[in-house]
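Student: Just protein27.cif, nothing more (mmCIF, C-alpha atoms):
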```cif
data_model
#
loop_
_atom_site.group_PDB
_atom_site.id
_atom_site.type_symbol
_atom_site.label_atom_id
_atom_site.label_comp_id
_atom_site.auth_asym_id
_atom_site.auth_seq_id
_atom_site.Cartn_x
_atom_site.Cartn_y
_atom_site.Cartn_z
ATOM 1 C CA GLN A 11 -55.440 36.295 -22.026
ATOM 2 C CA ALA A 12 -58.790 37.986 -22.509
ATOM 3 C CA GLU A 13 -57.718 40.646 -20.024
ATOM 4 C CA SER A 14 -54.436 41.048 -21.879
ATOM 5 C CA LYS A 15 -56.283 41.502 -25.192
ATOM 6 C CA ALA A 16 -58.610 44.063 -23.602
ATOM 7 C CA ILE A 17 -55.629 45.992 -22.244
ATOM 8 C CA ALA A 18 -53.948 45.890 -25.650
ATOM 9 C CA GLN A 19 -57.146 47.222 -27.261
ATOM 10 C CA LEU A 20 -57.360 50.028 -24.682
ATOM 11 C CA ILE A 21 -53.743 50.948 -25.321
ATOM 12 C CA GLU A 22 -54.364 51.057 -29.051
ATOM 13 C CA ASN A 23 -57.458 53.247 -28.560
ATOM 14 C CA ILE A 24 -55.555 55.658 -26.330
ATOM 15 C CA ARG A 25 -52.678 55.763 -28.813
ATOM 16 C CA ASN A 26 -55.129 56.687 -31.583
ATOM 17 C CA GLU A 27 -56.746 59.362 -29.395
ATOM 18 C CA LEU A 28 -53.346 60.861 -28.624
ATOM 19 C CA GLN A 29 -52.455 60.958 -32.313
ATOM 20 C CA ASN A 30 -55.751 62.691 -33.008
ATOM 21 C CA CYS A 31 -55.001 65.237 -30.259
ATOM 22 C CA SER A 32 -51.579 65.866 -31.727
ATOM 23 C CA CYS A 33 -53.092 66.457 -35.160
ATOM 24 C CA THR A 34 -55.738 68.764 -33.688
ATOM 25 C CA ILE A 35 -53.068 70.794 -31.897
ATOM 26 C CA GLN A 36 -51.099 71.133 -35.139
ATOM 27 C CA GLU A 37 -54.237 72.278 -36.957
ATOM 28 C CA MET A 38 -54.942 74.814 -34.217
ATOM 29 C CA LYS A 39 -51.410 76.171 -34.512
ATOM 30 C CA HIS A 40 -51.908 76.661 -38.246
ATOM 31 C CA GLU A 41 -55.246 78.399 -37.657
ATOM 32 C CA ILE A 42 -53.697 80.708 -35.047
ATOM 33 C CA VAL A 43 -51.061 81.715 -37.535
ATOM 34 C CA GLY A 44 -53.891 82.496 -39.980
ATOM 35 C CA LEU A 45 -55.807 84.546 -37.411
ATOM 36 C CA GLN A 46 -54.465 87.964 -36.671
ATOM 37 C CA THR A 47 -56.984 88.999 -34.038
ATOM 38 C CA ASN A 48 -56.853 87.914 -30.398
ATOM 39 C CA LYS A 49 -53.684 85.938 -30.971
ATOM 40 C CA SER A 50 -52.656 85.881 -27.285
ATOM 41 C CA HIS A 51 -55.957 84.275 -26.228
ATOM 42 C CA TRP A 52 -55.558 81.554 -28.836
ATOM 43 C CA ASN A 53 -51.908 81.076 -27.883
ATOM 44 C CA GLN A 54 -52.899 80.666 -24.224
ATOM 45 C CA THR A 55 -55.596 78.161 -25.178
ATOM 46 C CA MET A 56 -53.102 76.384 -27.372
ATOM 47 C CA ILE A 57 -50.526 76.176 -24.565
ATOM 48 C CA GLU A 58 -53.166 74.777 -22.196
ATOM 49 C CA HIS A 59 -54.230 72.143 -24.696
ATOM 50 C CA GLN A 60 -50.647 71.297 -25.510
ATOM 51 C CA SER A 61 -49.735 70.880 -21.815
ATOM 52 C CA GLY A 62 -52.867 68.759 -21.342
ATOM 53 C CA TYR A 63 -51.857 66.689 -24.322
ATOM 54 C CA LEU A 64 -48.331 66.187 -22.980
ATOM 55 C CA SER A 65 -49.707 65.284 -19.557
ATOM 56 C CA LEU A 66 -52.079 62.727 -21.082
ATOM 57 C CA LYS A 67 -49.291 61.338 -23.244
ATOM 58 C CA GLN A 68 -47.018 60.893 -20.197
ATOM 59 C CA GLN A 69 -49.844 59.262 -18.253
ATOM 60 C CA PHE A 70 -50.507 56.984 -21.199
ATOM 61 C CA GLU A 71 -46.831 55.937 -21.337
ATOM 62 C CA ARG A 72 -46.818 55.213 -17.587
ATOM 63 C CA GLU A 73 -50.000 53.151 -17.851
ATOM 64 C CA LYS A 74 -48.683 51.322 -20.903
ATOM 65 C CA GLU A 75 -45.454 50.436 -19.073
ATOM 66 C CA ALA A 76 -47.438 49.336 -16.011
ATOM 67 C CA ALA A 77 -49.644 47.122 -18.214
ATOM 68 C CA GLN A 78 -46.568 45.628 -19.861
ATOM 69 C CA ARG A 79 -45.039 44.932 -16.435
ATOM 70 C CA ARG A 80 -48.294 43.301 -15.314
ATOM 71 C CA ASP A 81 -48.263 41.128 -18.443
ATOM 72 C CA ILE A 82 -44.645 40.166 -17.761
ATOM 73 C CA CYS A 83 -45.443 39.459 -14.100
ATOM 74 C CA TYR A 84 -48.492 37.448 -15.122
ATOM 75 C CA ALA A 85 -46.428 35.403 -17.557
ATOM 76 C CA ARG A 86 -43.767 34.869 -14.898
ATOM 77 C CA ASN A 87 -46.453 33.873 -12.408
ATOM 78 C CA VAL A 88 -47.920 31.380 -14.886
ATOM 79 C CA ASN A 89 -44.436 29.952 -15.512
ATOM 80 C CA ALA A 90 -43.782 29.792 -11.771
ATOM 81 C CA GLN A 91 -47.087 27.966 -11.235
ATOM 82 C CA LYS A 92 -46.196 25.469 -13.962
ATOM 83 C CA LEU A 93 -42.761 24.971 -12.442
ATOM 84 C CA LEU A 94 -44.270 24.541 -8.977
ATOM 85 C CA GLN A 95 -46.743 21.951 -10.289
ATOM 86 C CA GLN A 96 -43.939 20.082 -12.087
ATOM 87 C CA THR A 97 -41.900 20.156 -8.878
ATOM 88 C CA LYS A 98 -44.832 18.729 -6.907
ATOM 89 C CA THR A 99 -45.301 16.005 -9.510
ATOM 90 C CA ASP A 100 -41.581 15.162 -9.450
ATOM 91 C CA THR A 101 -41.623 15.084 -5.638
ATOM 92 C CA ASN A 102 -44.573 12.681 -5.658
ATOM 93 C CA VAL A 103 -42.777 10.440 -8.164
ATOM 94 C CA LEU A 104 -39.693 10.449 -5.944
ATOM 95 C CA LYS A 105 -41.801 9.595 -2.862
ATOM 96 C CA ASP A 106 -43.416 6.700 -4.734
ATOM 97 C CA ALA A 107 -39.990 5.473 -5.872
ATOM 98 C CA GLN A 108 -38.684 5.748 -2.313
ATOM 99 C CA GLN A 109 -41.631 3.689 -0.986
ATOM 100 C CA GLU A 110 -41.075 1.084 -3.688
ATOM 101 C CA ILE A 111 -37.364 0.883 -2.874
ATOM 102 C CA HIS A 112 -38.217 0.503 0.815
ATOM 103 C CA ALA A 113 -40.635 -2.336 0.004
ATOM 104 C CA VAL A 114 -37.994 -4.051 -2.184
ATOM 105 C CA ASP A 115 -35.435 -3.628 0.613
ATOM 106 C CA GLN A 116 -37.799 -5.218 3.149
ATOM 107 C CA ASN A 117 -38.490 -8.058 0.721
ATOM 108 C CA ALA A 118 -34.731 -8.584 0.259
ATOM 109 C CA VAL A 119 -34.233 -8.721 4.048
ATOM 110 C CA GLU A 120 -36.983 -11.338 4.321
ATOM 111 C CA VAL A 121 -35.476 -13.373 1.459
ATOM 112 C CA LEU A 122 -32.021 -13.233 3.080
ATOM 113 C CA SER A 123 -33.510 -14.334 6.400
ATOM 114 C CA THR A 124 -35.283 -17.244 4.686
ATOM 115 C CA LEU A 125 -32.065 -18.197 2.851
ATOM 116 C CA GLU A 126 -30.155 -18.116 6.125
ATOM 117 C CA GLN A 127 -32.731 -20.412 7.724
ATOM 118 C CA GLN A 128 -32.598 -22.777 4.742
ATOM 119 C CA THR A 129 -28.787 -22.774 4.853
ATOM 120 C CA GLN A 130 -28.929 -23.674 8.538
ATOM 121 C CA GLN A 131 -31.417 -26.465 7.784
ATOM 122 C CA ILE A 132 -29.156 -27.786 4.995
ATOM 123 C CA ASN A 133 -26.154 -27.712 7.334
ATOM 124 C CA ASN A 134 -28.176 -29.564 10.000
ATOM 125 C CA ILE A 135 -29.222 -32.143 7.414
ATOM 126 C CA LYS A 136 -25.579 -32.569 6.340
ATOM 127 C CA GLN A 137 -24.541 -33.011 9.948
ATOM 128 C CA ASN A 138 -27.308 -35.574 10.496
ATOM 129 C CA VAL A 139 -26.320 -37.402 7.284
ATOM 130 C CA ASN A 140 -22.670 -37.496 8.408
ATOM 131 C CA GLU A 141 -23.668 -38.749 11.850
ATOM 132 C CA SER A 142 -25.970 -41.316 10.235
ATOM 133 C CA ASN A 143 -23.166 -42.431 7.918
ATOM 134 C CA SER A 144 -20.830 -42.702 10.898
ATOM 135 C CA LEU A 145 -23.402 -44.726 12.825
ATOM 136 C CA LEU A 146 -24.082 -46.933 9.833
ATOM 137 C CA ALA A 147 -20.361 -47.424 9.336
ATOM 138 C CA SER A 148 -19.993 -48.301 13.013
ATOM 139 C CA MET A 149 -22.951 -50.620 12.800
ATOM 140 C CA GLY A 150 -21.514 -52.209 9.711
ATOM 141 C CA LYS A 151 -18.240 -52.874 11.540
ATOM 142 C CA THR A 152 -20.119 -54.149 14.559
ATOM 143 C CA ILE A 153 -22.226 -56.457 12.414
ATOM 144 C CA THR A 154 -19.110 -57.673 10.628
ATOM 145 C CA LYS A 155 -17.427 -58.391 13.976
ATOM 146 C CA MET A 156 -20.507 -60.091 15.297
ATOM 147 C CA SER A 157 -20.904 -62.197 12.241
ATOM 148 C CA LYS A 158 -17.300 -63.272 12.484
ATOM 149 C CA ARG A 159 -17.775 -64.310 16.080
ATOM 150 C CA TRP A 160 -20.978 -66.163 15.524
ATOM 151 C CA TRP A 161 -20.194 -67.868 12.294
ATOM 152 C CA THR A 162 -16.671 -68.687 12.895
#
```
Mind turning the file's structure into structure tokens?

Tutor:
Amino acid sequence: QAESKAIAQLIENIRNELQNCSCTIQEMKHEIVGLQTNKSHWNQTMIEHQSGYLSLKQQFEREKEAAQRRDICYARNVNAQKLLQQTKTDTNVLKDAQQEIHAVDQNAVEVLSTLEQQTQQINNIKQNVNESNSLLASMGKTITKMSKRWWT
């Protein structure tokens, strides 16, 4: 921004100088009209100064436009840098989210595996309980039969 302010100050100074040159040329034209002697020499000098003035004015306009383009390019570059930084930040956030999702997914797989093992254990326990109940029922019938034989 300091460079931009310096350029703006230079442009303003050149603009003032050009206005002063224009005024000086107008004054010289008025003086030439007032002078009757050696008019062609003064006209030639006037034409030279006027062409120099026009050349400087054109150069000034070109430089001013170039400075304005540089300012626009600088502003675009700053905006592009901000956008690039925001994009990098967003990408990092997405990577972190992806890693977190992967960790949650792995945790879910482990939980499902543990649940499957526990389900299998519960089914085994049920099967053992059913077999135990069947054995106890058989034993109860056997004991009942034996007690009828022995006590009858």

Student: Please write the residues picked by the PyMOL selection byres ((chain A and resi 51-63) around 9) on this file as a PyMOL selection string.

Tutor: chain A and resi 28+31-32+35+38-39+42+48-50+64-68

Student: Select, from A:Gln29, A:Asn140, A:Ser14, A:Gln108, the residue with the minimum atom-to-atom distance to A:Lys74, counting all atoms listed in the file.

Tutor: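 Of A:Gln29, A:Asn140, A:Ser14, A:Gln108, the one nearest A:Lys74, counting all atoms listed in the file, is A:Ser14.
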
Student: What gap, in Å, lies between atom CA of A:Met156 and atom CA of A:Ser144?

Tutor: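 Distance reported for this atom pair: 17.9 Å.
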
Student: Counting only C-alpha atoms, what is within 9 Å of stretch 76-82 of chain A, bar same-chain residues fewer than 5 positions away, as a PyMOL selection string?

Tutor: chain A and resi 14+17-18+71+87

Student: Separation of atom CA of A:Ile21 and atom CA of A:Arg86, in Å?

Tutor: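 If I compute the distance from atom CA of A:Ile21 to atom CA of A:Arg86, I get 21.6 Å.
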
Student: Just how far from atom CA of A:His112 is atom CA of A:Thr97, in Å to one decimal?

Tutor: 22.2 Å
